[in-house]
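A.B. asks: If it helps, the file is called work_15.pdb and holds PDB, C-alpha atoms, pLDDT in the B column:
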ATOM      1  CA  MET W 727     -31.912 -53.875-132.245  1.00 53.00           C
ATOM      2  CA  ARG W 728     -31.644 -51.924-129.001  1.00 55.00           C
ATOM      3  CA  MET W 729     -28.498 -49.967-128.457  1.00 64.00           C
ATOM      4  CA  ARG W 730     -26.540 -50.296-125.263  1.00 75.00           C
ATOM      5  CA  CYS W 731     -26.843 -47.545-122.714  1.00 80.00           C
ATOM      6  CA  ILE W 732     -25.947 -46.931-119.097  1.00 85.00           C
ATOM      7  CA  GLU W 733     -28.969 -47.282-116.851  1.00 87.00           C
ATOM      8  CA  LYS W 734     -27.410 -46.000-113.615  1.00 93.00           C
ATOM      9  CA  GLN W 735     -24.168 -44.156-113.076  1.00 94.00           C
ATOM     10  CA  LEU W 736     -22.583 -42.895-109.864  1.00 94.00           C
ATOM     11  CA  VAL W 737     -19.614 -40.508-110.103  1.00 94.00           C
ATOM     12  CA  LEU W 738     -17.434 -39.561-107.143  1.00 90.00           C
ATOM     13  CA  ASN W 739     -14.880 -36.874-107.977  1.00 90.00           C
ATOM     14  CA  GLU W 740     -11.655 -35.884-106.207  1.00 90.00           C
ATOM     15  CA  GLU W 741     -13.496 -33.280-104.110  1.00 88.00           C
ATOM     16  CA  SER W 742     -15.757 -36.070-102.777  1.00 84.00           C
ATOM     17  CA  GLU W 743     -18.737 -34.679-104.687  1.00 88.00           C
ATOM     18  CA  LEU W 744     -21.211 -37.344-105.662  1.00 91.00           C
ATOM     19  CA  PHE W 745     -23.194 -37.234-108.903  1.00 94.00           C
ATOM     20  CA  LEU W 746     -25.945 -39.661-109.871  1.00 95.00           C
ATOM     21  CA  TYR W 747     -27.305 -40.249-113.370  1.00 94.00           C
ATOM     22  CA  ALA W 748     -30.119 -42.416-114.680  1.00 90.00           C
ATOM     23  CA  PHE W 749     -30.174 -42.834-118.466  1.00 85.00           C
ATOM     24  CA  ASP W 750     -27.938 -39.730-118.722  1.00 85.00           C
ATOM     25  CA  LYS W 751     -30.398 -37.657-116.684  1.00 88.00           C
ATOM     26  CA  LYS W 752     -28.897 -36.070-113.554  1.00 92.00           C
ATOM     27  CA  ILE W 753     -30.556 -37.335-110.378  1.00 91.00           C
ATOM     28  CA  GLU W 754     -30.329 -35.367-107.153  1.00 92.00           C
ATOM     29  CA  LEU W 755     -29.549 -37.196-103.914  1.00 92.00           C
ATOM     30  CA  SER W 756     -32.817 -35.882-102.506  1.00 91.00           C
ATOM     31  CA  ASP W 757     -34.648 -37.664-105.372  1.00 90.00           C
ATOM     32  CA  ILE W 758     -33.600 -40.993-103.847  1.00 91.00           C
ATOM     33  CA  GLY W 759     -34.254 -39.967-100.242  1.00 90.00           C
ATOM     34  CA  VAL W 760     -30.690 -38.982 -99.274  1.00 90.00           C
ATOM     35  CA  ASN W 761     -29.917 -35.653 -97.616  1.00 87.00           C
ATOM     36  CA  SER W 762     -28.401 -33.376-100.272  1.00 82.00           C
ATOM     37  CA  ASN W 763     -26.028 -31.831 -97.722  1.00 81.00           C
ATOM     38  CA  ILE W 764     -24.416 -35.140 -96.774  1.00 80.00           C
ATOM     39  CA  ASN W 765     -20.632 -35.113 -96.405  1.00 78.00           C
ATOM     40  CA  ILE W 766     -19.021 -38.000 -98.242  1.00 80.00           C
ATOM     41  CA  ASP W 767     -16.049 -38.492 -95.963  1.00 80.00           C
ATOM     42  CA  ASN W 768     -15.763 -42.269 -95.795  1.00 82.00           C
ATOM     43  CA  HIS W 769     -16.467 -45.352 -97.824  1.00 85.00           C
ATOM     44  CA  THR W 770     -19.361 -46.345 -95.560  1.00 88.00           C
ATOM     45  CA  GLU W 771     -21.413 -43.329 -96.705  1.00 88.00           C
ATOM     46  CA  VAL W 772     -20.667 -44.141-100.351  1.00 89.00           C
ATOM     47  CA  GLU W 773     -21.658 -47.788 -99.827  1.00 92.00           C
ATOM     48  CA  LYS W 774     -24.991 -46.733 -98.284  1.00 92.00           C
ATOM     49  CA  ILE W 775     -25.772 -44.449-101.219  1.00 93.00           C
ATOM     50  CA  ILE W 776     -24.785 -47.144-103.727  1.00 93.00           C
ATOM     51  CA  LYS W 777     -27.193 -49.594-102.066  1.00 95.00           C
ATOM     52  CA  ILE W 778     -30.023 -47.054-102.048  1.00 93.00           C
ATOM     53  CA  PHE W 779     -29.382 -46.085-105.680  1.00 93.00           C
ATOM     54  CA  ASP W 780     -29.142 -49.736-106.714  1.00 93.00           C
ATOM     55  CA  ASN W 781     -32.613 -50.427-105.279  1.00 92.00           C
ATOM     56  CA  ILE W 782     -34.271 -47.463-107.012  1.00 89.00           C
ATOM     57  CA  ARG W 783     -36.659 -48.521-109.767  1.00 88.00           C
ATOM     58  CA  LEU W 784     -36.340 -46.594-113.029  1.00 85.00           C
ATOM     59  CA  CYS W 785     -38.612 -46.073-115.992  1.00 79.00           C
ATOM     60  CA  LYS W 786     -36.990 -47.830-118.930  1.00 77.00           C
ATOM     61  CA  GLY W 787     -39.030 -45.993-121.542  1.00 69.00           C
ATOM     62  CA  ALA W 788     -42.463 -46.557-123.005  1.00 70.00           C
ATOM     63  CA  VAL W 789     -41.913 -48.233-126.355  1.00 68.00           C
ATOM     64  CA  PRO W 790     -39.032 -48.978-128.730  1.00 66.00           C
ATOM     65  CA  SER W 791     -38.502 -45.978-130.995  1.00 65.00           C
ATOM     66  CA  ASN W 792     -37.774 -48.076-134.080  1.00 68.00           C
ATOM     67  CA  GLU W 793     -41.127 -49.900-133.842  1.00 70.00           C
ATOM     68  CA  TYR W 794     -43.381 -46.890-133.335  1.00 63.00           C
ATOM     69  CA  GLY W 795     -41.552 -44.060-135.090  1.00 59.00           C
ATOM     70  CA  TYR W 796     -44.311 -43.812-137.688  1.00 63.00           C
ATOM     71  CA  LEU W 797     -47.022 -42.869-135.170  1.00 63.00           C
ATOM     72  CA  LYS W 798     -48.223 -39.285-134.938  1.00 67.00           C
ATOM     73  CA  LEU W 799     -48.248 -38.382-131.276  1.00 64.00           C
ATOM     74  CA  SER W 800     -49.821 -35.454-129.459  1.00 64.00           C
ATOM     75  CA  ILE W 801     -46.586 -34.983-127.488  1.00 65.00           C
ATOM     76  CA  SER W 802     -42.972 -34.888-128.564  1.00 67.00           C
ATOM     77  CA  PRO W 803     -41.393 -37.890-126.853  1.00 63.00           C
ATOM     78  CA  VAL W 804     -37.755 -37.948-125.838  1.00 68.00           C
ATOM     79  CA  GLU W 805     -35.707 -40.611-127.603  1.00 68.00           C
ATOM     80  CA  LYS W 806     -32.735 -42.198-125.889  1.00 66.00           C
ATOM     81  CA  CYS W 807     -31.355 -45.710-125.755  1.00 69.00           C
ATOM     82  CA  SER W 808     -33.632 -46.611-128.690  1.00 69.00           C
ATOM     83  CA  MET W 809     -36.704 -46.025-126.521  1.00 71.00           C
ATOM     84  CA  LEU W 810     -39.310 -43.278-126.337  1.00 72.00           C
ATOM     85  CA  TRP W 811     -39.909 -41.484-123.035  1.00 67.00           C
ATOM     86  CA  HIS W 812     -42.591 -38.987-122.109  1.00 68.00           C
ATOM     87  CA  PRO W 813     -40.955 -35.525-122.005  1.00 69.00           C
ATOM     88  CA  LYS W 814     -42.014 -35.109-118.350  1.00 72.00           C
ATOM     89  CA  CYS W 815     -40.951 -38.583-117.247  1.00 72.00           C
ATOM     90  CA  THR W 816     -39.651 -38.474-113.688  1.00 71.00           C
ATOM     91  CA  THR W 817     -37.338 -41.423-114.486  1.00 79.00           C
ATOM     92  CA  ILE W 818     -37.513 -42.640-110.881  1.00 81.00           C
ATOM     93  CA  LEU W 819     -40.532 -44.843-110.257  1.00 79.00           C
ATOM     94  CA  PRO W 820     -42.374 -44.855-106.937  1.00 78.00           C
ATOM     95  CA  LYS W 821     -41.553 -47.627-104.489  1.00 74.00           C
ATOM     96  CA  ASP W 822     -43.419 -50.850-105.189  1.00 66.00           C
ATOM     97  CA  ASN W 823     -46.039 -51.218-102.498  1.00 53.00           C
ATOM     98  CA  SER W 824     -47.383 -54.586-103.565  1.00 46.00           C
ATOM     99  CA  SER W 825     -49.720 -54.773-100.581  1.00 42.00           C
ATOM    100  CA  ASN W 826     -51.503 -51.653-101.887  1.00 42.00           C
ATOM    101  CA  ARG W 827     -51.766 -52.786-105.520  1.00 40.00           C
ATOM    102  CA  LEU W 828     -55.006 -53.909-107.058  1.00 38.00           C
ATOM    103  CA  ILE W 829     -55.042 -57.360-108.587  1.00 35.00           C
TER     104      ILE W 829
END
Turn the structure described in the file into structure tokens.
C.D. replies:
Amino acid sequence: MRMRCIEKQLVLNEESELFLYAFDKKIELSDIGVNSNINIDNHTEVEKIIKIFDNIRLCKGAVPSNEYGYLKLSISPVEKCSMLWHPKCTTILPKDNSSNRLI
């Protein structure tokens, strides 16, 4: 049984600082193509960032940890949300360019 976890989280504090998280990993604005020095001074800017962040594709892990926990691996995977991730997983997947994909 997979446990529940938060895939994407956006936090806006009282100082209008914006923090993004994907599976509890902090994501920088620049990681999603937004200028890190942006001033969040109105709801329009927040809405734009929400839309961009919503469209970002994330790695959801490689395999369920409870099904493959017995395997001896050459790396030490990271376990979260009942899934195993590569320790160097970037979390954010590249944009899907379906016209450039091989069939």
A.B. asks: Here is a test: counting only C-alpha atoms, which residue of W:Val737, W:Ala788, W:Ile732, W:Ile782 is nearest to Gly759 of chain W?
C.D. replies: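 That would be W:Ile782, the residue with the smallest distance to Gly759 of chain W.
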A.B. asks: For the point (-27.7, -35.7, -109.7) in file coordinates, what residues are within 10 Å, counting all atoms listed in the file? Give the answer as an MDAnalysis selection string?
C.D. replies: chainID W and resid 735:737 744:748 750:758 762
A.B. asks: What does the structure give for the distance between atom CA of Ile818 of chain W and atom CA of Glu743 of chain W, in Å to one decimal?
C.D. replies: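 Distance between the two atoms: 21.3 Å.
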A.B. asks: Between W:Leu819, W:Cys731, W:Ile766, W:Val772, which has the minimum distance to Phe749 of chain W (counting all atoms listed in the file)?
C.D. replies: W:Cys731
A.B. asks: Rounded to one decimal place, report the atom CA of Leu784 of chain W-atom CA of Asn739 of chain W distance in Å.
C.D. replies: 24.1 Å
A.B. asks: Between atom CA of Ser742 of chain W and atom CA of Arg730 of chain W, what is the distance, to one decimal in Å?
C.D. replies: 28.7 Å
